[in-house]
>>> print(open('run39.cif').read())   # mmCIF, C-alpha atoms
data_target
#
loop_
_atom_site.label_atom_id
_atom_site.label_comp_id
_atom_site.auth_asym_id
_atom_site.auth_seq_id
_atom_site.Cartn_x
_atom_site.Cartn_y
_atom_site.Cartn_z
CA MET A 1 -40.72 -23.08 -18.66
CA LYS A 2 -37.09 -22.63 -19.73
CA LYS A 3 -35.18 -25.72 -20.84
CA PHE A 4 -31.47 -26.42 -20.46
CA ALA A 5 -29.35 -28.95 -22.31
CA VAL A 6 -26.74 -30.36 -19.94
CA ILE A 7 -23.69 -31.87 -21.68
CA LEU A 8 -21.78 -34.58 -19.80
CA SER A 9 -18.38 -36.12 -20.52
CA GLY A 10 -18.54 -39.43 -18.64
CA CYS A 11 -18.82 -40.24 -14.94
CA GLY A 12 -16.04 -39.35 -12.50
CA VAL A 13 -13.73 -36.39 -12.06
CA TYR A 14 -10.51 -37.94 -13.38
CA ASP A 15 -11.85 -39.37 -16.65
CA GLY A 16 -15.39 -38.03 -17.07
CA ALA A 17 -17.86 -35.48 -15.74
CA GLU A 18 -17.32 -34.17 -12.20
CA ILE A 19 -20.26 -35.76 -10.41
CA HIS A 20 -20.84 -33.03 -7.80
CA GLU A 21 -20.82 -30.33 -10.47
CA ALA A 22 -23.13 -32.35 -12.72
CA THR A 23 -25.71 -33.28 -10.09
CA LEU A 24 -25.71 -29.89 -8.38
CA THR A 25 -26.23 -28.22 -11.77
CA LEU A 26 -29.23 -30.47 -12.39
CA LEU A 27 -30.56 -29.66 -8.92
CA ALA A 28 -30.10 -25.92 -9.44
CA ILE A 29 -31.97 -26.02 -12.76
CA LYS A 30 -34.97 -27.79 -11.20
CA LYS A 31 -34.86 -25.78 -7.97
CA LEU A 32 -34.98 -22.53 -9.94
CA GLY A 33 -38.03 -23.62 -11.92
CA ALA A 34 -36.53 -24.80 -15.21
CA GLU A 35 -36.22 -28.16 -16.97
CA TYR A 36 -33.27 -30.04 -18.41
CA GLU A 37 -32.35 -32.73 -20.88
CA ILE A 38 -29.00 -34.52 -20.65
CA PHE A 39 -26.69 -35.32 -23.57
CA ALA A 40 -23.29 -36.93 -24.08
CA PRO A 41 -21.37 -38.03 -27.16
CA ASP A 42 -21.42 -41.71 -28.08
CA ILE A 43 -17.62 -42.04 -28.21
CA PRO A 44 -14.93 -44.02 -26.35
CA GLN A 45 -13.41 -42.48 -23.23
CA HIS A 46 -9.77 -41.49 -23.63
CA HIS A 47 -8.91 -43.85 -20.75
CA VAL A 48 -10.28 -45.16 -17.45
CA ILE A 49 -8.85 -44.00 -14.11
CA ASN A 50 -9.08 -45.79 -10.75
CA HIS A 51 -10.51 -43.00 -8.59
CA ILE A 52 -8.90 -44.42 -5.44
CA THR A 53 -5.33 -44.80 -6.70
CA GLY A 54 -5.37 -42.28 -9.55
CA LYS A 55 -3.83 -44.90 -11.83
CA GLU A 56 -4.95 -45.85 -15.32
CA MET A 57 -6.90 -49.10 -15.61
CA ASN A 58 -6.82 -51.64 -18.42
CA GLU A 59 -10.44 -51.01 -19.42
CA THR A 60 -12.40 -49.30 -22.15
CA ARG A 61 -15.59 -47.35 -21.50
CA ASN A 62 -18.04 -45.27 -23.50
CA VAL A 63 -18.77 -41.60 -22.68
CA LEU A 64 -22.52 -41.85 -23.34
CA ILE A 65 -22.92 -45.07 -21.33
CA GLU A 66 -20.89 -43.71 -18.40
CA SER A 67 -22.77 -40.39 -18.45
CA ALA A 68 -26.01 -42.37 -18.25
CA ARG A 69 -24.99 -43.33 -14.70
CA ILE A 70 -25.47 -39.69 -13.67
CA ALA A 71 -28.55 -39.28 -15.85
CA ARG A 72 -30.14 -42.43 -14.37
CA GLY A 73 -30.47 -43.70 -17.94
CA LYS A 74 -32.42 -40.72 -19.24
CA ILE A 75 -29.90 -39.35 -21.73
CA SER A 76 -29.56 -38.67 -25.45
CA ASP A 77 -26.71 -39.02 -27.92
CA LEU A 78 -25.19 -35.58 -28.47
CA LYS A 79 -25.53 -35.95 -32.25
CA LEU A 80 -29.31 -35.57 -31.74
CA PHE A 81 -28.98 -32.16 -30.08
CA ASN A 82 -31.01 -29.39 -31.75
CA ALA A 83 -30.18 -25.89 -30.51
CA ARG A 84 -33.63 -24.59 -31.44
CA GLU A 85 -35.24 -26.91 -28.87
CA PHE A 86 -33.37 -25.41 -25.89
CA ASP A 87 -33.13 -22.04 -24.20
CA ALA A 88 -29.60 -22.62 -22.87
CA VAL A 89 -26.79 -25.16 -22.72
CA ILE A 90 -24.49 -25.85 -19.79
CA PHE A 91 -21.30 -27.88 -19.41
CA PRO A 92 -20.30 -29.25 -15.98
CA GLY A 93 -16.56 -29.80 -15.54
CA GLY A 94 -14.32 -32.78 -14.83
CA PHE A 95 -11.29 -34.09 -16.70
CA GLY A 96 -13.65 -35.73 -19.21
CA VAL A 97 -14.09 -32.26 -20.71
CA ALA A 98 -10.34 -32.04 -21.28
CA LYS A 99 -9.89 -35.70 -22.31
CA ASN A 100 -13.13 -36.79 -24.02
CA LEU A 101 -14.85 -33.61 -25.24
CA SER A 102 -11.51 -32.11 -26.27
CA SER A 103 -7.78 -32.81 -26.17
CA TRP A 104 -7.04 -29.89 -23.81
CA ALA A 105 -5.48 -32.17 -21.16
CA PHE A 106 -2.80 -33.22 -23.63
CA GLU A 107 -2.42 -30.29 -26.02
CA GLY A 108 -3.57 -27.23 -24.05
CA PRO A 109 -4.10 -24.15 -26.24
CA GLY A 110 -3.33 -26.19 -29.37
CA SER A 111 -6.05 -28.73 -28.58
CA LYS A 112 -9.04 -29.72 -30.68
CA VAL A 113 -12.69 -29.87 -29.57
CA ASN A 114 -14.93 -32.81 -30.47
CA SER A 115 -16.88 -31.87 -33.61
CA MET A 116 -20.29 -32.54 -32.02
CA VAL A 117 -19.40 -30.38 -29.00
CA GLU A 118 -18.12 -27.63 -31.29
CA LYS A 119 -21.39 -27.71 -33.25
CA VAL A 120 -23.44 -27.37 -30.03
CA ILE A 121 -21.45 -24.30 -28.98
CA ARG A 122 -21.50 -22.69 -32.43
CA ASP A 123 -25.22 -23.34 -32.95
CA MET A 124 -26.14 -21.82 -29.58
CA ALA A 125 -23.85 -18.85 -30.18
CA THR A 126 -25.37 -18.26 -33.62
CA LEU A 127 -28.85 -18.20 -32.05
CA LYS A 128 -27.53 -15.90 -29.28
CA LYS A 129 -28.69 -18.37 -26.63
CA PRO A 130 -26.90 -18.60 -23.24
CA ILE A 131 -23.97 -20.97 -22.84
CA GLY A 132 -22.77 -21.91 -19.35
CA ALA A 133 -19.54 -23.68 -18.39
CA LEU A 134 -18.24 -24.82 -15.00
CA CYS A 135 -14.73 -25.64 -13.81
CA ILE A 136 -12.45 -26.58 -16.75
CA SER A 137 -15.30 -26.49 -19.32
CA PRO A 138 -14.67 -22.82 -20.23
CA VAL A 139 -11.64 -24.01 -22.22
CA LEU A 140 -14.12 -25.41 -24.76
CA LEU A 141 -15.49 -21.88 -25.21
CA ALA A 142 -11.99 -20.45 -25.53
CA LYS A 143 -11.21 -22.88 -28.32
CA VAL A 144 -14.52 -22.63 -30.19
CA LEU A 145 -15.48 -18.98 -29.70
CA GLY A 146 -12.02 -17.47 -29.37
CA ASN A 147 -12.47 -13.87 -28.27
CA VAL A 148 -14.58 -14.45 -25.15
CA GLU A 149 -14.31 -13.50 -21.47
CA ILE A 150 -14.23 -16.55 -19.19
CA THR A 151 -12.95 -17.75 -15.83
CA ILE A 152 -11.31 -20.92 -14.57
CA GLY A 153 -10.69 -19.36 -11.13
CA ASP A 154 -7.25 -17.96 -10.32
CA ASP A 155 -4.68 -20.55 -11.46
CA ALA A 156 -2.05 -18.54 -13.32
CA ALA A 157 -0.82 -21.34 -15.61
CA THR A 158 -4.32 -22.35 -16.76
CA ALA A 159 -5.33 -18.70 -17.17
CA ALA A 160 -2.27 -18.11 -19.36
CA ALA A 161 -3.15 -21.15 -21.48
CA VAL A 162 -6.73 -19.91 -21.87
CA GLU A 163 -5.44 -16.52 -23.05
CA LYS A 164 -3.06 -18.22 -25.48
CA ALA A 165 -6.14 -19.97 -26.91
CA GLY A 166 -7.58 -16.53 -27.67
CA ALA A 167 -9.89 -15.86 -24.71
CA THR A 168 -9.69 -13.21 -21.99
CA HIS A 169 -9.38 -14.62 -18.48
CA VAL A 170 -10.99 -13.04 -15.40
CA ASN A 171 -9.79 -14.14 -11.94
CA THR A 172 -12.63 -15.23 -9.65
CA GLY A 173 -13.38 -16.80 -6.28
CA HIS A 174 -15.92 -19.32 -5.01
CA GLY A 175 -19.38 -18.91 -6.50
CA ASP A 176 -18.42 -16.04 -8.81
CA VAL A 177 -19.89 -15.95 -12.30
CA VAL A 178 -18.37 -14.15 -15.29
CA ARG A 179 -20.57 -13.03 -18.19
CA ASP A 180 -18.88 -12.13 -21.41
CA THR A 181 -19.31 -8.45 -22.28
CA HIS A 182 -20.70 -9.03 -25.76
CA ARG A 183 -22.67 -12.29 -25.63
CA PRO A 184 -24.52 -14.51 -23.14
CA VAL A 185 -21.60 -16.76 -22.16
CA PHE A 186 -21.37 -17.58 -18.44
CA THR A 187 -18.55 -19.30 -16.55
CA THR A 188 -17.81 -20.18 -12.91
CA PRO A 189 -14.70 -21.85 -11.41
CA CYS A 190 -16.06 -24.59 -9.09
CA TYR A 191 -13.35 -27.26 -8.48
CA MET A 192 -10.71 -25.30 -10.40
CA LEU A 193 -10.40 -23.63 -7.00
CA ASP A 194 -9.71 -25.46 -3.73
CA ALA A 195 -13.43 -25.91 -3.19
CA GLY A 196 -15.84 -27.88 -1.02
CA ILE A 197 -19.19 -29.25 -2.07
CA THR A 198 -21.06 -26.23 -0.69
CA ASP A 199 -18.91 -23.98 -2.90
CA ILE A 200 -19.89 -26.13 -5.88
CA ALA A 201 -23.57 -25.82 -4.96
CA ASP A 202 -23.18 -22.03 -4.80
CA GLY A 203 -21.41 -21.89 -8.17
CA ALA A 204 -23.96 -24.13 -9.87
CA GLU A 205 -26.90 -22.17 -8.48
CA ASN A 206 -25.35 -18.80 -9.28
CA ILE A 207 -24.59 -19.65 -12.90
CA VAL A 208 -28.06 -21.09 -13.48
CA LYS A 209 -29.60 -17.98 -11.85
CA ALA A 210 -27.52 -15.73 -14.09
CA ILE A 211 -28.59 -17.64 -17.20
CA LEU A 212 -32.27 -17.55 -16.23
CA ALA A 213 -32.03 -13.80 -15.54
CA GLU A 214 -30.64 -13.40 -19.07
CA LEU A 215 -33.61 -15.32 -20.47
CA LYS A 216 -36.29 -13.12 -18.83
#
>>> encode(input="run39.cif", output="structure tokens")
Amino acid sequence: MKKFAVILSGCGVYDGAEIHEATLTLLAIKKLGAEYEIFAPDIPQHHVINHITGKEMNETRNVLIESARIARGKISDLKLFNAREFDAVIFPGGFGVAKNLSSWAFEGPGSKVNSMVEKVIRDMATLKKPIGALCISPVLLAKVLGNVEITIGDDAATAAAVEKAGATHVNTGHGDVVRDTHRPVFTTPCYMLDAGITDIADGAENIVKAILAELK
């Protein structure tokens, strides 16, 4: 049975992992006959956002502890990740990717990626194992892998920023999956488009299907 590592960035679209994308990715993995293990880095969140008002709150939270809400407590510190123990890795989206796993939200193409996250991506790429990324998560691949074909949907400004970071952007619609020409890197736009939850379910299932087809 194939095993995915799912990397989370907190809990909540504005300051962590996008919960629909995270849970529907987990569902797709199980539904399609594979297994998963969940990881997140044990680091402070950049900030905490009130998801009703959109305003910053005077709180501090931890990415691993917040991600454990989605994982129902069954989660590991990202520093324990071993690429040889997994067939594939997948990154759901959410602003936590751009605020906690990297500084993309603040620095765009000039941003830095968390060193543990960079190691996960590089180790999987070295072993030629599939890497999946939903929503805004493909920016991590642009920064770490450079010359790679990815999608964040069809937003011109974000696509231009991705290309400035060294990647090639492909415009896509709901549920579409882009595979890089030269290596098993898979991306799908999800909430980077004006999407509903059924679109997210389609995107999550399609990217997991594509990865599993690669692994046959």
>>> residues_around(input="run39.cif", residues="stretch 36-45 of chain A", least_positions_apart="5", cutoff="7 Å", atoms="only C-alpha atoms", output="list in words")
Lys3, Phe4, Ala5, Val6, Ile7, Leu8, Ser9, Thr60, Arg61, Asn62, Val63, Leu64, Ser67, Ala71, Ile75, Ser76, Asp77, Leu78, Lys79 and Asn100 of chain A
>>> residues_around(input="run39.cif", residues="A:Val117", least_positions_apart="2", cutoff="9 Å", atoms="all atoms listed in the file", output="list in words")
Ile7, Pro41, Leu78, Lys79, Leu101, Ser102, Val113, Asn114, Ser115, Lys119, Val120, Ile121, Arg122 and Leu140 of chain A
>>> residues_near_point(input="run39.cif", point="(-11.7, -14.5, -11.3)", cutoff="10 Å", atoms="all atoms listed in the file", output="ChimeraX atom specification")
/A:150-155,159,169-174,176-178,187-189
>>> write_last_selection(input="run39.cif", atoms="C-alpha atoms", output="PDB file, keeping the file's coordinate frame")
ATOM      1  CA  ILE A 150     -14.230 -16.550 -19.190  1.00  0.00           C
ATOM      2  CA  THR A 151     -12.950 -17.750 -15.830  1.00  0.00           C
ATOM      3  CA  ILE A 152     -11.310 -20.920 -14.570  1.00  0.00           C
ATOM      4  CA  GLY A 153     -10.690 -19.360 -11.130  1.00  0.00           C
ATOM      5  CA  ASP A 154      -7.250 -17.960 -10.320  1.00  0.00           C
ATOM      6  CA  ASP A 155      -4.680 -20.550 -11.460  1.00  0.00           C
ATOM      7  CA  ALA A 159      -5.330 -18.700 -17.170  1.00  0.00           C
ATOM      8  CA  HIS A 169      -9.380 -14.620 -18.480  1.00  0.00           C
ATOM      9  CA  VAL A 170     -10.990 -13.040 -15.400  1.00  0.00           C
ATOM     10  CA  ASN A 171      -9.790 -14.140 -11.940  1.00  0.00           C
ATOM     11  CA  THR A 172     -12.630 -15.230  -9.650  1.00  0.00           C
ATOM     12  CA  GLY A 173     -13.380 -16.800  -6.280  1.00  0.00           C
ATOM     13  CA  HIS A 174     -15.920 -19.320  -5.010  1.00  0.00           C
ATOM     14  CA  ASP A 176     -18.420 -16.040  -8.810  1.00  0.00           C
ATOM     15  CA  VAL A 177     -19.890 -15.950 -12.300  1.00  0.00           C
ATOM     16  CA  VAL A 178     -18.370 -14.150 -15.290  1.00  0.00           C
ATOM     17  CA  THR A 187     -18.550 -19.300 -16.550  1.00  0.00           C
ATOM     18  CA  THR A 188     -17.810 -20.180 -12.910  1.00  0.00           C
ATOM     19  CA  PRO A 189     -14.700 -21.850 -11.410  1.00  0.00           C
TER      20      PRO A 189
END
>>> closest_residue(input="run39.cif", among="A:His51, A:His182, A:Lys128, A:Lys164", to="A:Ala83", atoms="only C-alpha atoms")
A:Lys128
>>> resolve_selection(input="run39.cif", expression="the PyMOL selection byres ((chain A and resi 21-33) around 10)", output="PyMOL selection string")
chain A and resi 1-4+6-9+11-13+17-20+34-38+67+70-71+90-94+134-135+190-191+197-198+200-209+212
>>> decode(input="run39.cif", residues="stretch 59-108 of chain A", atoms="N, CA and C atoms", output="PDB file, in the first residue's frame")
ATOM      1  N   GLU A  59      -2.220  37.091  19.953  1.00  0.00           N
ATOM      2  CA  GLU A  59      -2.001  35.721  20.437  1.00  0.00           C
ATOM      3  C   GLU A  59      -0.750  35.167  19.773  1.00  0.00           C
ATOM      4  N   THR A  60      -0.207  34.115  20.371  1.00  0.00           N
ATOM      5  CA  THR A  60       0.849  33.347  19.712  1.00  0.00           C
ATOM      6  C   THR A  60       0.406  31.890  19.667  1.00  0.00           C
ATOM      7  N   ARG A  61       0.664  31.243  18.554  1.00  0.00           N
ATOM      8  CA  ARG A  61       0.324  29.827  18.405  1.00  0.00           C
ATOM      9  C   ARG A  61       1.473  29.098  17.729  1.00  0.00           C
ATOM     10  N   ASN A  62       1.425  27.774  17.813  1.00  0.00           N
ATOM     11  CA  ASN A  62       2.486  26.917  17.300  1.00  0.00           C
ATOM     12  C   ASN A  62       1.951  26.122  16.107  1.00  0.00           C
ATOM     13  N   VAL A  63       2.720  26.056  15.033  1.00  0.00           N
ATOM     14  CA  VAL A  63       2.259  25.408  13.796  1.00  0.00           C
ATOM     15  C   VAL A  63       1.966  23.923  14.007  1.00  0.00           C
ATOM     16  N   LEU A  64       2.824  23.226  14.714  1.00  0.00           N
ATOM     17  CA  LEU A  64       2.607  21.794  14.958  1.00  0.00           C
ATOM     18  C   LEU A  64       1.362  21.567  15.808  1.00  0.00           C
ATOM     19  N   ILE A  65       1.205  22.337  16.874  1.00  0.00           N
ATOM     20  CA  ILE A  65       0.053  22.177  17.766  1.00  0.00           C
ATOM     21  C   ILE A  65      -1.251  22.506  17.045  1.00  0.00           C
ATOM     22  N   GLU A  66      -1.240  23.573  16.237  1.00  0.00           N
ATOM     23  CA  GLU A  66      -2.452  23.930  15.489  1.00  0.00           C
ATOM     24  C   GLU A  66      -2.767  22.895  14.414  1.00  0.00           C
ATOM     25  N   SER A  67      -1.752  22.383  13.739  1.00  0.00           N
ATOM     26  CA  SER A  67      -1.963  21.355  12.715  1.00  0.00           C
ATOM     27  C   SER A  67      -2.538  20.082  13.319  1.00  0.00           C
ATOM     28  N   ALA A  68      -2.199  19.830  14.583  1.00  0.00           N
ATOM     29  CA  ALA A  68      -2.719  18.645  15.272  1.00  0.00           C
ATOM     30  C   ALA A  68      -4.239  18.671  15.404  1.00  0.00           C
ATOM     31  N   ARG A  69      -4.844  19.866  15.314  1.00  0.00           N
ATOM     32  CA  ARG A  69      -6.306  19.954  15.322  1.00  0.00           C
ATOM     33  C   ARG A  69      -6.892  19.209  14.121  1.00  0.00           C
ATOM     34  N   ILE A  70      -6.268  19.386  12.960  1.00  0.00           N
ATOM     35  CA  ILE A  70      -6.727  18.704  11.748  1.00  0.00           C
ATOM     36  C   ILE A  70      -6.374  17.229  11.805  1.00  0.00           C
ATOM     37  N   ALA A  71      -5.209  16.930  12.343  1.00  0.00           N
ATOM     38  CA  ALA A  71      -4.720  15.548  12.414  1.00  0.00           C
ATOM     39  C   ALA A  71      -5.359  14.744  13.550  1.00  0.00           C
ATOM     40  N   ARG A  72      -6.207  15.392  14.335  1.00  0.00           N
ATOM     41  CA  ARG A  72      -6.821  14.744  15.508  1.00  0.00           C
ATOM     42  C   ARG A  72      -5.747  14.198  16.446  1.00  0.00           C
ATOM     43  N   GLY A  73      -4.634  14.955  16.522  1.00  0.00           N
ATOM     44  CA  GLY A  73      -3.562  14.609  17.451  1.00  0.00           C
ATOM     45  C   GLY A  73      -2.523  13.665  16.899  1.00  0.00           C
ATOM     46  N   LYS A  74      -2.843  12.986  15.791  1.00  0.00           N
ATOM     47  CA  LYS A  74      -1.900  12.003  15.244  1.00  0.00           C
ATOM     48  C   LYS A  74      -1.006  12.686  14.212  1.00  0.00           C
ATOM     49  N   ILE A  75       0.086  13.266  14.689  1.00  0.00           N
ATOM     50  CA  ILE A  75       0.952  14.087  13.842  1.00  0.00           C
ATOM     51  C   ILE A  75       2.376  14.000  14.347  1.00  0.00           C
ATOM     52  N   SER A  76       3.331  14.211  13.441  1.00  0.00           N
ATOM     53  CA  SER A  76       4.748  14.160  13.808  1.00  0.00           C
ATOM     54  C   SER A  76       5.435  15.475  13.477  1.00  0.00           C
ATOM     55  N   ASP A  77       6.467  15.780  14.246  1.00  0.00           N
ATOM     56  CA  ASP A  77       7.315  16.943  13.982  1.00  0.00           C
ATOM     57  C   ASP A  77       8.007  16.738  12.632  1.00  0.00           C
ATOM     58  N   LEU A  78       7.983  17.760  11.797  1.00  0.00           N
ATOM     59  CA  LEU A  78       8.544  17.643  10.454  1.00  0.00           C
ATOM     60  C   LEU A  78      10.025  17.279  10.469  1.00  0.00           C
ATOM     61  N   LYS A  79      10.739  17.610  11.529  1.00  0.00           N
ATOM     62  CA  LYS A  79      12.174  17.290  11.574  1.00  0.00           C
ATOM     63  C   LYS A  79      12.420  15.780  11.603  1.00  0.00           C
ATOM     64  N   LEU A  80      11.363  14.986  11.896  1.00  0.00           N
ATOM     65  CA  LEU A  80      11.483  13.529  11.930  1.00  0.00           C
ATOM     66  C   LEU A  80      11.199  12.883  10.580  1.00  0.00           C
ATOM     67  N   PHE A  81      10.808  13.684   9.592  1.00  0.00           N
ATOM     68  CA  PHE A  81      10.465  13.143   8.277  1.00  0.00           C
ATOM     69  C   PHE A  81      11.663  12.461   7.630  1.00  0.00           C
ATOM     70  N   ASN A  82      11.425  11.256   7.087  1.00  0.00           N
ATOM     71  CA  ASN A  82      12.444  10.498   6.364  1.00  0.00           C
ATOM     72  C   ASN A  82      11.876  10.150   4.994  1.00  0.00           C
ATOM     73  N   ALA A  83      12.422  10.732   3.956  1.00  0.00           N
ATOM     74  CA  ALA A  83      11.884  10.555   2.598  1.00  0.00           C
ATOM     75  C   ALA A  83      11.846   9.092   2.174  1.00  0.00           C
ATOM     76  N   ARG A  84      12.743   8.288   2.683  1.00  0.00           N
ATOM     77  CA  ARG A  84      12.789   6.878   2.270  1.00  0.00           C
ATOM     78  C   ARG A  84      11.595   6.082   2.805  1.00  0.00           C
ATOM     79  N   GLU A  85      10.889   6.623   3.780  1.00  0.00           N
ATOM     80  CA  GLU A  85       9.747   5.906   4.370  1.00  0.00           C
ATOM     81  C   GLU A  85       8.427   6.191   3.659  1.00  0.00           C
ATOM     82  N   PHE A  86       8.442   7.067   2.645  1.00  0.00           N
ATOM     83  CA  PHE A  86       7.209   7.473   1.976  1.00  0.00           C
ATOM     84  C   PHE A  86       7.328   7.349   0.463  1.00  0.00           C
ATOM     85  N   ASP A  87       6.186   7.093  -0.152  1.00  0.00           N
ATOM     86  CA  ASP A  87       6.145   7.005  -1.613  1.00  0.00           C
ATOM     87  C   ASP A  87       5.924   8.368  -2.256  1.00  0.00           C
ATOM     88  N   ALA A  88       5.292   9.285  -1.520  1.00  0.00           N
ATOM     89  CA  ALA A  88       4.978  10.607  -2.062  1.00  0.00           C
ATOM     90  C   ALA A  88       4.778  11.581  -0.909  1.00  0.00           C
ATOM     91  N   VAL A  89       4.885  12.873  -1.229  1.00  0.00           N
ATOM     92  CA  VAL A  89       4.586  13.921  -0.252  1.00  0.00           C
ATOM     93  C   VAL A  89       3.607  14.883  -0.894  1.00  0.00           C
ATOM     94  N   ILE A  90       2.720  15.461  -0.083  1.00  0.00           N
ATOM     95  CA  ILE A  90       1.740  16.393  -0.625  1.00  0.00           C
ATOM     96  C   ILE A  90       1.525  17.548   0.355  1.00  0.00           C
ATOM     97  N   PHE A  91       1.407  18.746  -0.205  1.00  0.00           N
ATOM     98  CA  PHE A  91       1.239  19.973   0.577  1.00  0.00           C
ATOM     99  C   PHE A  91      -0.120  20.598   0.284  1.00  0.00           C
ATOM    100  N   PRO A  92      -1.100  20.534   1.200  1.00  0.00           N
ATOM    101  CA  PRO A  92      -2.303  21.348   1.044  1.00  0.00           C
ATOM    102  C   PRO A  92      -1.935  22.830   1.121  1.00  0.00           C
ATOM    103  N   GLY A  93      -2.866  23.703   0.698  1.00  0.00           N
ATOM    104  CA  GLY A  93      -2.573  25.129   0.686  1.00  0.00           C
ATOM    105  C   GLY A  93      -2.993  25.854   1.955  1.00  0.00           C
ATOM    106  N   GLY A  94      -3.339  27.120   1.809  1.00  0.00           N
ATOM    107  CA  GLY A  94      -3.631  27.991   2.938  1.00  0.00           C
ATOM    108  C   GLY A  94      -2.498  28.987   3.122  1.00  0.00           C
ATOM    109  N   PHE A  95      -2.827  30.149   3.713  1.00  0.00           N
ATOM    110  CA  PHE A  95      -1.819  31.186   3.888  1.00  0.00           C
ATOM    111  C   PHE A  95      -0.673  30.749   4.801  1.00  0.00           C
ATOM    112  N   GLY A  96      -0.882  29.688   5.598  1.00  0.00           N
ATOM    113  CA  GLY A  96       0.207  29.178   6.421  1.00  0.00           C
ATOM    114  C   GLY A  96       1.407  28.762   5.601  1.00  0.00           C
ATOM    115  N   VAL A  97       1.157  28.294   4.368  1.00  0.00           N
ATOM    116  CA  VAL A  97       2.250  27.938   3.466  1.00  0.00           C
ATOM    117  C   VAL A  97       3.107  29.162   3.170  1.00  0.00           C
ATOM    118  N   ALA A  98       2.424  30.295   2.952  1.00  0.00           N
ATOM    119  CA  ALA A  98       3.105  31.526   2.557  1.00  0.00           C
ATOM    120  C   ALA A  98       3.565  32.372   3.737  1.00  0.00           C
ATOM    121  N   LYS A  99       3.141  31.990   4.963  1.00  0.00           N
ATOM    122  CA  LYS A  99       3.511  32.755   6.155  1.00  0.00           C
ATOM    123  C   LYS A  99       4.357  31.953   7.140  1.00  0.00           C
ATOM    124  N   ASN A 100       4.100  30.639   7.223  1.00  0.00           N
ATOM    125  CA  ASN A 100       4.786  29.792   8.206  1.00  0.00           C
ATOM    126  C   ASN A 100       5.823  28.868   7.567  1.00  0.00           C
ATOM    127  N   LEU A 101       5.472  28.272   6.418  1.00  0.00           N
ATOM    128  CA  LEU A 101       6.414  27.372   5.747  1.00  0.00           C
ATOM    129  C   LEU A 101       7.386  28.141   4.866  1.00  0.00           C
ATOM    130  N   SER A 102       7.045  29.394   4.576  1.00  0.00           N
ATOM    131  CA  SER A 102       7.914  30.256   3.782  1.00  0.00           C
ATOM    132  C   SER A 102       7.571  31.707   4.106  1.00  0.00           C
ATOM    133  N   SER A 103       8.260  32.618   3.468  1.00  0.00           N
ATOM    134  CA  SER A 103       7.951  34.052   3.633  1.00  0.00           C
ATOM    135  C   SER A 103       7.332  34.626   2.352  1.00  0.00           C
ATOM    136  N   TRP A 104       6.738  33.763   1.534  1.00  0.00           N
ATOM    137  CA  TRP A 104       6.187  34.187   0.241  1.00  0.00           C
ATOM    138  C   TRP A 104       5.158  35.312   0.389  1.00  0.00           C
ATOM    139  N   ALA A 105       4.336  35.275   1.426  1.00  0.00           N
ATOM    140  CA  ALA A 105       3.294  36.286   1.612  1.00  0.00           C
ATOM    141  C   ALA A 105       3.876  37.688   1.754  1.00  0.00           C
ATOM    142  N   PHE A 106       5.105  37.777   2.204  1.00  0.00           N
ATOM    143  CA  PHE A 106       5.722  39.070   2.497  1.00  0.00           C
ATOM    144  C   PHE A 106       6.813  39.454   1.497  1.00  0.00           C
ATOM    145  N   GLU A 107       7.445  38.449   0.906  1.00  0.00           N
ATOM    146  CA  GLU A 107       8.603  38.720   0.044  1.00  0.00           C
ATOM    147  C   GLU A 107       8.460  38.175  -1.371  1.00  0.00           C
ATOM    148  N   GLY A 108       7.370  37.459  -1.657  1.00  0.00           N
ATOM    149  CA  GLY A 108       7.120  36.969  -3.009  1.00  0.00           C
ATOM    150  C   GLY A 108       8.289  36.177  -3.569  1.00  0.00           C
TER     151      GLY A 108
END
